[in-house]
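So the structure is just underneath, and the comments pick up after that.
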Amino acid sequence: MSRVAVVSGAARGIGAATVDRLVSNGWHVVAVDVCADDPSLDYSMATPADLAELGGRHGDRVRTMVGDVRSRSDMLRAVDLAATAFGGLDAAIAVAGVVAGGGPLWEIEDAQWNVQFDVNVHGVRNLAAAVVPVLLDAPTPRQGRVVAVASAAGLLGLRRLSGYSASKHAVIGLIKSLAADLAGTGVTANAVCPGSTRTPILEASAAIYDLASGEEFARQQLVERLLVPAEPAALIAWLCEAEASGVTGAALAVDGGFTTS
């Protein structure tokens with residue numbers, strides 16, 4: 001029987017690349033994205049057309065759903081869709097995330113601070129809370145997987161990104177504690193920490209630093225280039241496989257060497 005995953009933030013960037021990789025590995029996927037802009041953010045989010053294009057290129061192996069990770073009921077709907085469309089659920093991948101702000105901590109507006117915690121942290125919690133009971137309901141030996149996308153910013157303190165960095169540190173703490181809660185169940189929980197990756201959110205980060213392009217972040221990484229979304233997606237997909245059963249509670253960097261020093 002084919003395995004089934006729910007992926008949030010799926011319409012573009014690392015989320016879309018994760019869906020592509022999972023499908024190529026034989027998975028069925030419920031691809032969820034909010035597909036709407038947020039007034040607290042000064043860049044555009046993915047669109048319904050982006051989500052539809054993702055679904056269209058994978059045919060009956062992917063079901064798309066417009067949903068907001070800030071809504072527990074939306075995440076429960078995604079779980080229900082996985083059950084009705086594909087007969088079950090084996091993994092949840094929390095990719096949805098935002099970046100906001102740009103000033104020092106004491107100047108960040110509450111709306112910019114709050115949207116990062118609402119999406120980046122509460123969104124992971126909402127997806128996990130919807131999915132984990134289903135994963136634990138599977139017969140033993142279980143192989144359920146929860147993977148959250150944190151960031152290299154979750155391993156460092158970054159100038160003018162205190163809200164983003166704090167929220168991604170929180171994602172790592174959430175995942176480590178979830179892994180502890182899941183001890184002995186066969187269900188694992190891990191975080192993936194990408195470095196500068198060629199995505200729309202990187203361009204938003206470049207604007208925070210008044211850079212002409214996100215390409216300028218390449219010099220921070222030992223590989224001397226930006227990552228492409230398929231690279232963190234490959235690690236995410238591997239963590240969902242049975243052979244990754246010995247990895248849990250980890251925060252794994254795929255950052256081109258950004259956090260080496």
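Ordered as shown in the structure tokens, chains take letters A, B, and onward, while each chain numbers its residues from 1 and ligands are numbered from 1 in the order shown.
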Could you write out, as a VMD selection string, all the residues of segment 3-238 of chain A that DSSP marks as helix (DSSP H, G or I)? chain A and resid 13 to 24 48 to 61 72 to 86 105 to 107 110 to 120 122 to 136 152 to 154 162 to 181 200 to 208 214 to 220 230 to 238
Contact check, segment 148-214 of chain A to segment 17-36 of chain A, at most 12 Å, counting only C-alpha atoms, closest pairs as CSV:
residue,atom,partner,partner_atom,distance
A:Ala148,CA,A:Thr18,CA,11.7
A:Val149,CA,A:Thr18,CA,10.8
A:Thr197,CA,A:Ala17,CA,11.8
A:Arg198,CA,A:Ala17,CA,11.6
A:Thr199,CA,A:Ala17,CA,10.7
Each residue of segment 154-229 of chain A with at least one atom at most 7 Å from segment 130-145 of chain A should appear once, together with its nearest atom pair and the corresponding distance in Å (one decimal); atoms considered: only C-alpha atoms; ordering: chain, then increasing residue number; output as JSON lines.
{"residue": "A:Thr185", "atom": "CA", "partner": "A:Arg142", "partner_atom": "CA", "distance": 6.8}
{"residue": "A:Gly186", "atom": "CA", "partner": "A:Arg142", "partner_atom": "CA", "distance": 4.8}
{"residue": "A:Val187", "atom": "CA", "partner": "A:Gly144", "partner_atom": "CA", "distance": 4.4}
{"residue": "A:Thr188", "atom": "CA", "partner": "A:Arg145", "partner_atom": "CA", "distance": 5.1}
{"residue": "A:Ala189", "atom": "CA", "partner": "A:Arg145", "partner_atom": "CA", "distance": 6.1}
Output all heavy atoms for every residue in that selection, as a PDB file, in the first residue's frame.
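New file part-v1.pdb:
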ATOM      1  N   THR A 185       7.125   4.701  20.745  1.00  0.00           N
ATOM      2  CA  THR A 185       5.921   4.464  19.941  1.00  0.00           C
ATOM      3  C   THR A 185       6.224   4.017  18.515  1.00  0.00           C
ATOM      4  O   THR A 185       5.340   3.539  17.817  1.00  0.00           O
ATOM      5  CB  THR A 185       5.055   5.736  19.862  1.00  0.00           C
ATOM      6  OG1 THR A 185       5.773   6.742  19.115  1.00  0.00           O
ATOM      7  CG2 THR A 185       4.728   6.265  21.248  1.00  0.00           C
ATOM      8  N   GLY A 186       7.455   4.235  18.057  1.00  0.00           N
ATOM      9  CA  GLY A 186       7.794   3.989  16.661  1.00  0.00           C
ATOM     10  C   GLY A 186       7.564   5.189  15.769  1.00  0.00           C
ATOM     11  O   GLY A 186       7.965   5.188  14.603  1.00  0.00           O
ATOM     12  N   VAL A 187       6.912   6.226  16.296  1.00  0.00           N
ATOM     13  CA  VAL A 187       6.699   7.473  15.551  1.00  0.00           C
ATOM     14  C   VAL A 187       7.845   8.425  15.881  1.00  0.00           C
ATOM     15  O   VAL A 187       8.178   8.623  17.054  1.00  0.00           O
ATOM     16  CB  VAL A 187       5.347   8.119  15.912  1.00  0.00           C
ATOM     17  CG1 VAL A 187       5.154   9.430  15.155  1.00  0.00           C
ATOM     18  CG2 VAL A 187       4.196   7.158  15.624  1.00  0.00           C
ATOM     19  N   THR A 188       8.461   9.007  14.867  1.00  0.00           N
ATOM     20  CA  THR A 188       9.588   9.905  15.079  1.00  0.00           C
ATOM     21  C   THR A 188       9.209  11.345  14.755  1.00  0.00           C
ATOM     22  O   THR A 188       8.252  11.608  14.014  1.00  0.00           O
ATOM     23  CB  THR A 188      10.788   9.502  14.210  1.00  0.00           C
ATOM     24  OG1 THR A 188      10.441   9.657  12.831  1.00  0.00           O
ATOM     25  CG2 THR A 188      11.198   8.061  14.479  1.00  0.00           C
ATOM     26  N   ALA A 189       9.974  12.261  15.313  1.00  0.00           N
ATOM     27  CA  ALA A 189       9.794  13.688  15.042  1.00  0.00           C
ATOM     28  C   ALA A 189      11.155  14.324  14.879  1.00  0.00           C
ATOM     29  O   ALA A 189      12.029  14.159  15.739  1.00  0.00           O
ATOM     30  CB  ALA A 189       9.022  14.359  16.169  1.00  0.00           C
TER      31      ALA A 189
END
Could you pull out the strand (DSSP E) residues of segment 33-194 of chain A, going by DSSP on the backbone, and write them as a count of residues only? 22
If we count only C-alpha atoms, what is near segment 93-103 of chain A at a cut-off of 8 Å, once residues fewer than 2 positions away on the same chain are taken out, given as a ChimeraX atom specification? /A:5-10,14-15,33,40-42,69,91,105-109,112-113,115-116,119-120,123-124,127,146-149,160-161,163-164,201,204-205,208-209,236
My list of candidates is A:His58, A:Asp90, A:Asn126, A:Glu231. Which is closest to Ser71 of chain A when distances are computed with only C-alpha atoms? A:Asn126
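The nearest approach to Ala129 of chain A among the residues A:Leu174, A:Ser165, A:Glu241, A:Gly249, with only C-alpha atoms taken into account, belongs to A:Leu174.
Here atom CA of Pro48 of chain A and atom CA of Val62 of chain A stand 15.0 Å from one another.
Going from atom CA of Pro229 of chain A to atom CA of Ala11 of chain A covers 12.3 Å.
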